[in-house]
>>> print(open('protein.cif').read())   # mmCIF, C-alpha atoms
data_my_file
loop_
_atom_site.group_PDB
_atom_site.id
_atom_site.type_symbol
_atom_site.label_atom_id
_atom_site.label_comp_id
_atom_site.auth_asym_id
_atom_site.auth_seq_id
_atom_site.Cartn_x
_atom_site.Cartn_y
_atom_site.Cartn_z
ATOM 1 C CA MET A 1 105.742 96.746 91.600
ATOM 2 C CA PRO A 2 107.977 94.215 89.879
ATOM 3 C CA VAL A 3 106.338 91.145 88.378
ATOM 4 C CA ILE A 4 109.074 88.602 89.053
ATOM 5 C CA VAL A 5 109.515 85.242 87.348
ATOM 6 C CA ILE A 6 112.104 83.122 89.162
ATOM 7 C CA GLN A 7 113.581 80.241 87.192
ATOM 8 C CA ARG A 8 116.299 79.370 89.740
ATOM 9 C CA VAL A 9 115.638 79.520 93.478
ATOM 10 C CA GLU A 10 119.203 80.678 94.118
ATOM 11 C CA ASP A 11 118.407 83.942 92.283
ATOM 12 C CA ALA A 12 115.597 84.877 94.690
ATOM 13 C CA LEU A 13 117.604 86.508 97.485
ATOM 14 C CA PRO A 14 120.135 88.486 95.403
ATOM 15 C CA LEU A 15 117.307 89.710 93.170
ATOM 16 C CA ALA A 16 115.193 90.796 96.140
ATOM 17 C CA GLU A 17 118.217 92.469 97.748
ATOM 18 C CA ALA A 18 118.937 94.358 94.518
ATOM 19 C CA LEU A 19 115.337 95.584 94.308
ATOM 20 C CA LEU A 20 115.376 96.647 97.963
ATOM 21 C CA ALA A 21 118.645 98.521 97.381
ATOM 22 C CA GLY A 22 116.867 100.447 94.622
ATOM 23 C CA GLY A 23 113.987 101.401 96.913
ATOM 24 C CA VAL A 24 111.440 98.813 95.742
ATOM 25 C CA ARG A 25 110.031 97.011 98.764
ATOM 26 C CA VAL A 26 106.853 95.369 97.412
ATOM 27 C CA LEU A 27 107.724 92.278 95.352
ATOM 28 C CA GLU A 28 105.326 90.101 93.383
ATOM 29 C CA VAL A 29 106.911 86.692 92.780
ATOM 30 C CA THR A 30 104.811 84.766 90.283
ATOM 31 C CA LEU A 31 103.821 81.134 90.608
ATOM 32 C CA ARG A 32 104.568 80.591 86.905
ATOM 33 C CA THR A 33 107.566 78.358 87.589
ATOM 34 C CA PRO A 34 108.310 75.491 89.988
ATOM 35 C CA ALA A 35 110.763 77.803 91.796
ATOM 36 C CA GLY A 36 108.124 80.419 92.668
ATOM 37 C CA LEU A 37 106.937 79.109 96.037
ATOM 38 C CA GLU A 38 110.413 78.370 97.356
ATOM 39 C CA ALA A 39 111.562 81.819 96.197
ATOM 40 C CA ILE A 40 108.719 83.397 98.191
ATOM 41 C CA ARG A 41 109.618 81.239 101.210
ATOM 42 C CA ARG A 42 113.275 82.307 101.134
ATOM 43 C CA ILE A 43 112.548 86.007 100.640
ATOM 44 C CA ALA A 44 109.931 85.999 103.412
ATOM 45 C CA ARG A 45 112.293 84.234 105.817
ATOM 46 C CA GLU A 46 115.566 86.019 105.007
ATOM 47 C CA LEU A 47 114.406 89.525 104.054
ATOM 48 C CA PRO A 48 111.516 90.504 106.347
ATOM 49 C CA GLU A 49 111.852 94.135 105.205
ATOM 50 C CA ALA A 50 110.556 93.026 101.797
ATOM 51 C CA LEU A 51 106.811 92.805 101.350
ATOM 52 C CA VAL A 52 106.736 89.656 99.229
ATOM 53 C CA GLY A 53 103.575 88.412 97.590
ATOM 54 C CA ALA A 54 102.533 85.656 95.233
ATOM 55 C CA GLY A 55 101.476 86.456 91.695
ATOM 56 C CA THR A 56 99.606 84.282 89.199
ATOM 57 C CA VAL A 57 97.355 82.911 91.944
ATOM 58 C CA ARG A 58 94.774 80.983 89.921
ATOM 59 C CA SER A 59 93.123 78.750 92.524
ATOM 60 C CA VAL A 60 92.320 78.308 96.193
ATOM 61 C CA ALA A 61 95.192 75.811 96.384
ATOM 62 C CA ASP A 62 97.588 78.438 94.993
ATOM 63 C CA ALA A 63 96.443 80.938 97.619
ATOM 64 C CA GLN A 64 96.882 78.424 100.437
ATOM 65 C CA ALA A 65 100.337 77.387 99.245
ATOM 66 C CA ALA A 66 101.381 81.029 98.918
ATOM 67 C CA ARG A 67 100.207 81.787 102.459
ATOM 68 C CA GLU A 68 102.089 78.772 103.822
ATOM 69 C CA ALA A 69 105.241 79.934 101.993
ATOM 70 C CA GLY A 70 105.046 83.296 103.752
ATOM 71 C CA ALA A 71 103.442 85.477 101.078
ATOM 72 C CA ARG A 72 102.033 88.683 102.529
ATOM 73 C CA PHE A 73 99.585 89.209 99.641
ATOM 74 C CA ALA A 74 98.301 87.499 96.513
ATOM 75 C CA VAL A 75 97.750 88.748 92.970
ATOM 76 C CA SER A 76 95.443 86.927 90.568
ATOM 77 C CA PRO A 77 95.335 87.316 86.778
ATOM 78 C CA GLY A 78 91.522 87.178 86.885
ATOM 79 C CA TYR A 79 88.855 87.032 89.557
ATOM 80 C CA THR A 80 86.516 84.434 90.993
ATOM 81 C CA SER A 81 84.492 84.699 94.190
ATOM 82 C CA GLU A 82 85.991 81.382 95.255
ATOM 83 C CA ILE A 83 89.515 82.825 95.250
ATOM 84 C CA GLY A 84 88.315 86.045 96.884
ATOM 85 C CA ARG A 85 86.576 84.182 99.718
ATOM 86 C CA ALA A 86 89.500 81.824 100.250
ATOM 87 C CA CYS A 87 91.965 84.706 100.540
ATOM 88 C CA ARG A 88 89.735 86.391 103.104
ATOM 89 C CA GLN A 89 89.417 83.176 105.115
ATOM 90 C CA ILE A 90 93.185 82.710 105.322
ATOM 91 C CA GLU A 91 93.763 86.456 105.816
ATOM 92 C CA LEU A 92 95.819 86.851 102.657
ATOM 93 C CA PRO A 93 95.193 90.268 101.065
ATOM 94 C CA LEU A 94 94.269 89.861 97.399
ATOM 95 C CA LEU A 95 94.842 92.128 94.410
ATOM 96 C CA PRO A 96 92.286 90.594 92.025
ATOM 97 C CA GLY A 97 92.738 90.830 88.283
ATOM 98 C CA VAL A 98 90.035 92.386 86.094
ATOM 99 C CA ALA A 99 89.800 93.455 82.464
ATOM 100 C CA THR A 100 86.143 94.418 82.002
ATOM 101 C CA PRO A 101 83.428 96.420 83.794
ATOM 102 C CA SER A 102 81.592 93.167 84.606
ATOM 103 C CA GLU A 103 84.685 91.810 86.329
ATOM 104 C CA VAL A 104 85.056 95.066 88.258
ATOM 105 C CA LEU A 105 81.451 94.665 89.441
ATOM 106 C CA ALA A 106 82.078 91.057 90.505
ATOM 107 C CA ALA A 107 85.131 92.038 92.550
ATOM 108 C CA MET A 108 83.263 95.014 94.048
ATOM 109 C CA ALA A 109 80.388 92.744 95.057
ATOM 110 C CA ASP A 110 82.861 90.747 97.131
ATOM 111 C CA GLY A 111 84.263 93.860 98.799
ATOM 112 C CA TYR A 112 87.352 94.569 96.697
ATOM 113 C CA ASP A 113 88.086 98.185 95.703
ATOM 114 C CA PHE A 114 91.760 97.967 94.637
ATOM 115 C CA LEU A 115 92.141 95.853 91.518
ATOM 116 C CA LYS A 116 94.788 94.693 89.079
ATOM 117 C CA PHE A 117 93.945 95.802 85.525
ATOM 118 C CA PHE A 118 95.320 92.982 83.380
ATOM 119 C CA PRO A 119 96.407 92.620 80.651
ATOM 120 C CA ALA A 120 96.479 96.405 80.641
ATOM 121 C CA ALA A 121 97.786 97.163 77.138
ATOM 122 C CA ALA A 122 95.737 94.442 75.442
ATOM 123 C CA ALA A 123 92.586 95.340 77.416
ATOM 124 C CA GLY A 124 92.529 98.975 76.305
ATOM 125 C CA GLY A 125 95.321 100.573 78.323
ATOM 126 C CA ILE A 126 95.025 104.191 79.341
ATOM 127 C CA PRO A 127 91.801 104.873 77.386
ATOM 128 C CA MET A 128 90.107 101.935 79.143
ATOM 129 C CA LEU A 129 91.250 103.085 82.586
ATOM 130 C CA LYS A 130 89.952 106.581 81.820
ATOM 131 C CA ALA A 131 86.625 105.059 80.770
ATOM 132 C CA LEU A 132 86.432 102.932 83.930
ATOM 133 C CA ALA A 133 86.956 106.036 86.094
ATOM 134 C CA GLY A 134 83.481 107.306 85.142
ATOM 135 C CA PRO A 135 81.304 104.506 86.532
ATOM 136 C CA PHE A 136 83.892 103.398 89.114
ATOM 137 C CA PRO A 137 85.327 106.569 90.707
ATOM 138 C CA ASP A 138 85.850 104.697 93.987
ATOM 139 C CA ILE A 139 87.987 101.909 92.500
ATOM 140 C CA GLY A 140 91.793 102.008 92.395
ATOM 141 C CA PHE A 141 93.823 100.073 89.843
ATOM 142 C CA CYS A 142 97.266 98.559 89.455
ATOM 143 C CA PRO A 143 97.752 98.064 85.699
ATOM 144 C CA THR A 144 100.125 95.317 84.562
ATOM 145 C CA GLY A 145 100.725 93.695 81.213
ATOM 146 C CA GLY A 146 102.414 95.690 78.477
ATOM 147 C CA LEU A 147 103.717 98.463 80.722
ATOM 148 C CA THR A 148 107.193 99.824 80.114
ATOM 149 C CA PRO A 149 109.356 102.496 81.704
ATOM 150 C CA GLU A 150 108.331 104.689 78.760
ATOM 151 C CA ASN A 151 104.554 104.447 79.312
ATOM 152 C CA ALA A 152 104.364 103.830 83.086
ATOM 153 C CA ARG A 153 104.431 107.558 83.861
ATOM 154 C CA GLN A 154 101.299 108.055 81.702
ATOM 155 C CA TYR A 155 99.505 105.311 83.620
ATOM 156 C CA LEU A 156 100.616 106.757 86.958
ATOM 157 C CA SER A 157 99.210 110.165 85.979
ATOM 158 C CA LEU A 158 95.664 108.750 86.019
ATOM 159 C CA PRO A 159 93.762 109.465 89.251
ATOM 160 C CA ASN A 160 92.489 105.880 89.520
ATOM 161 C CA VAL A 161 95.963 104.303 89.163
ATOM 162 C CA LYS A 162 97.681 103.854 92.520
ATOM 163 C CA VAL A 163 100.693 101.820 91.381
ATOM 164 C CA CYS A 164 101.926 100.027 88.256
ATOM 165 C CA GLY A 165 103.359 96.567 87.858
ATOM 166 C CA GLY A 166 105.688 95.162 85.275
ATOM 167 C CA SER A 167 108.395 92.692 84.436
ATOM 168 C CA TRP A 168 110.699 95.459 83.185
ATOM 169 C CA LEU A 169 112.074 95.764 86.732
ATOM 170 C CA SER A 170 113.419 92.224 86.621
ATOM 171 C CA PRO A 171 114.188 91.226 83.010
ATOM 172 C CA GLN A 172 114.930 87.538 82.641
ATOM 173 C CA ALA A 173 118.204 88.118 80.776
ATOM 174 C CA THR A 174 119.423 90.407 83.558
ATOM 175 C CA ILE A 175 118.505 87.837 86.219
ATOM 176 C CA ASP A 176 120.175 85.049 84.241
ATOM 177 C CA ALA A 177 123.339 87.162 83.992
ATOM 178 C CA GLY A 178 123.287 87.880 87.728
ATOM 179 C CA ASP A 179 123.545 91.594 86.980
ATOM 180 C CA TRP A 180 122.132 92.723 90.318
ATOM 181 C CA ALA A 181 123.554 96.247 89.922
ATOM 182 C CA GLN A 182 121.397 96.693 86.825
ATOM 183 C CA ILE A 183 118.322 95.491 88.753
ATOM 184 C CA THR A 184 119.073 98.133 91.399
ATOM 185 C CA ARG A 185 119.389 100.795 88.685
ATOM 186 C CA LEU A 186 116.037 99.738 87.191
ATOM 187 C CA ALA A 187 114.423 99.872 90.632
ATOM 188 C CA ARG A 188 115.751 103.385 91.258
ATOM 189 C CA ALA A 189 114.465 104.508 87.872
ATOM 190 C CA ALA A 190 111.042 103.054 88.673
ATOM 191 C CA GLN A 191 110.970 104.898 91.986
ATOM 192 C CA ALA A 192 111.786 108.113 90.139
ATOM 193 C CA LEU A 193 108.695 107.613 87.935
ATOM 194 C CA ARG A 194 106.517 107.748 91.020
ATOM 195 C CA GLU A 195 108.209 110.876 92.346
ATOM 196 C CA SER A 196 107.985 112.871 89.116
#
>>> encode(input="protein.cif", output="structure tokens")
Amino acid sequence: MPVIVIQRVEDALPLAEALLAGGVRVLEVTLRTPAGLEAIRRIARELPEALVGAGTVRSVADAQAAREAGARFAVSPGYTSEIGRACRQIELPLLPGVATPSEVLAAMADGYDFLKFFPAAAAGGIPMLKALAGPFPDIGFCPTGGLTPENARQYLSLPNVKVCGGSWLSPQATIDAGDWAQITRLARAAQALRES
């Protein structure tokens, strides 16, 4: 899953189209920039075949704004029950961020069993995910943060990792250059990681 940072709203549609052309349908557009919400709105409206969600959801207000913009899911860098409850109330599926066993327990207590492991590399990476598999065999993870095309396959080989996320699918320099063919190539390469 690409972790997308949009600086210019006009890049949203060609970027999403390039990712779709490469076989990547689930798109996490972060709310890290002022362009994020409008990018989500345009992708949701113009490219319904894309499953666009909002990343960097840090508050109830973020979740509500994302839902209103047409986001089909939300991703948070951490977890609070307040955000979890709000997402349930507005029927916005949430991928909550966790980095420790205590955070996993908090998310589990609120009914979440598929979690974002973030920041994956800094929080222990593959050894930490292997360790979490023992006490949490029923929890699935999407690691993000420090993943690369070189190490993503190792993460994907773990039984508790369902999908990986990363910004390598949409590098800022490539977006700035409008090199949509390269984005499509990166998306195809990412799809090949899953199939191998």
>>> closest_residue(input="protein.cif", among="A:Pro101, A:Gly36, A:Gly22, A:Pro143", to="Asp62 (chain A)", atoms="all atoms listed in the file")
A:Gly36
>>> resolve_selection(input="protein.cif", expression="the PyMOL selection byres ((chain A and resi 35) around 8)", output="PyMOL selection string")
chain A and resi 6-9+31+33-34+36-39
>>> closest_residue(input="protein.cif", among="A:Lys116, A:Arg185, A:Arg153, A:Arg72", to="Val98 (chain A)", atoms="only C-alpha atoms")
A:Lys116
>>> closest_residue(input="protein.cif", among="A:Gly55, A:Gly178, A:Gly125, A:Gly145", to="Gly165 (chain A)", atoms="all atoms listed in the file")
A:Gly145
>>> resolve_selection(input="protein.cif", expression="the PyMOL selection byres ((chain A and resi 18) around 10)", output="mmCIF file with C-alpha atoms, keeping the file's coordinate frame")
data_model
loop_
_atom_site.group_PDB
_atom_site.id
_atom_site.type_symbol
_atom_site.label_atom_id
_atom_site.label_comp_id
_atom_site.auth_asym_id
_atom_site.auth_seq_id
_atom_site.Cartn_x
_atom_site.Cartn_y
_atom_site.Cartn_z
ATOM 1 C CA LEU A 13 117.604 86.508 97.485
ATOM 2 C CA PRO A 14 120.135 88.486 95.403
ATOM 3 C CA LEU A 15 117.307 89.710 93.170
ATOM 4 C CA ALA A 16 115.193 90.796 96.140
ATOM 5 C CA GLU A 17 118.217 92.469 97.748
ATOM 6 C CA LEU A 19 115.337 95.584 94.308
ATOM 7 C CA LEU A 20 115.376 96.647 97.963
ATOM 8 C CA ALA A 21 118.645 98.521 97.381
ATOM 9 C CA GLY A 22 116.867 100.447 94.622
ATOM 10 C CA GLY A 23 113.987 101.401 96.913
ATOM 11 C CA VAL A 24 111.440 98.813 95.742
ATOM 12 C CA SER A 170 113.419 92.224 86.621
ATOM 13 C CA ASP A 179 123.545 91.594 86.980
ATOM 14 C CA TRP A 180 122.132 92.723 90.318
ATOM 15 C CA ALA A 181 123.554 96.247 89.922
ATOM 16 C CA GLN A 182 121.397 96.693 86.825
ATOM 17 C CA ILE A 183 118.322 95.491 88.753
ATOM 18 C CA THR A 184 119.073 98.133 91.399
ATOM 19 C CA ARG A 185 119.389 100.795 88.685
ATOM 20 C CA LEU A 186 116.037 99.738 87.191
ATOM 21 C CA ALA A 187 114.423 99.872 90.632
#
>>> atom_distance(input="protein.cif", atom1="CA of Phe73 (chain A)", atom2="CA of Ala54 (chain A)")
6.4 Å
>>> atom_distance(input="protein.cif", atom1="CA of Val161 (chain A)", atom2="CA of Met128 (chain A)")
11.8 Å
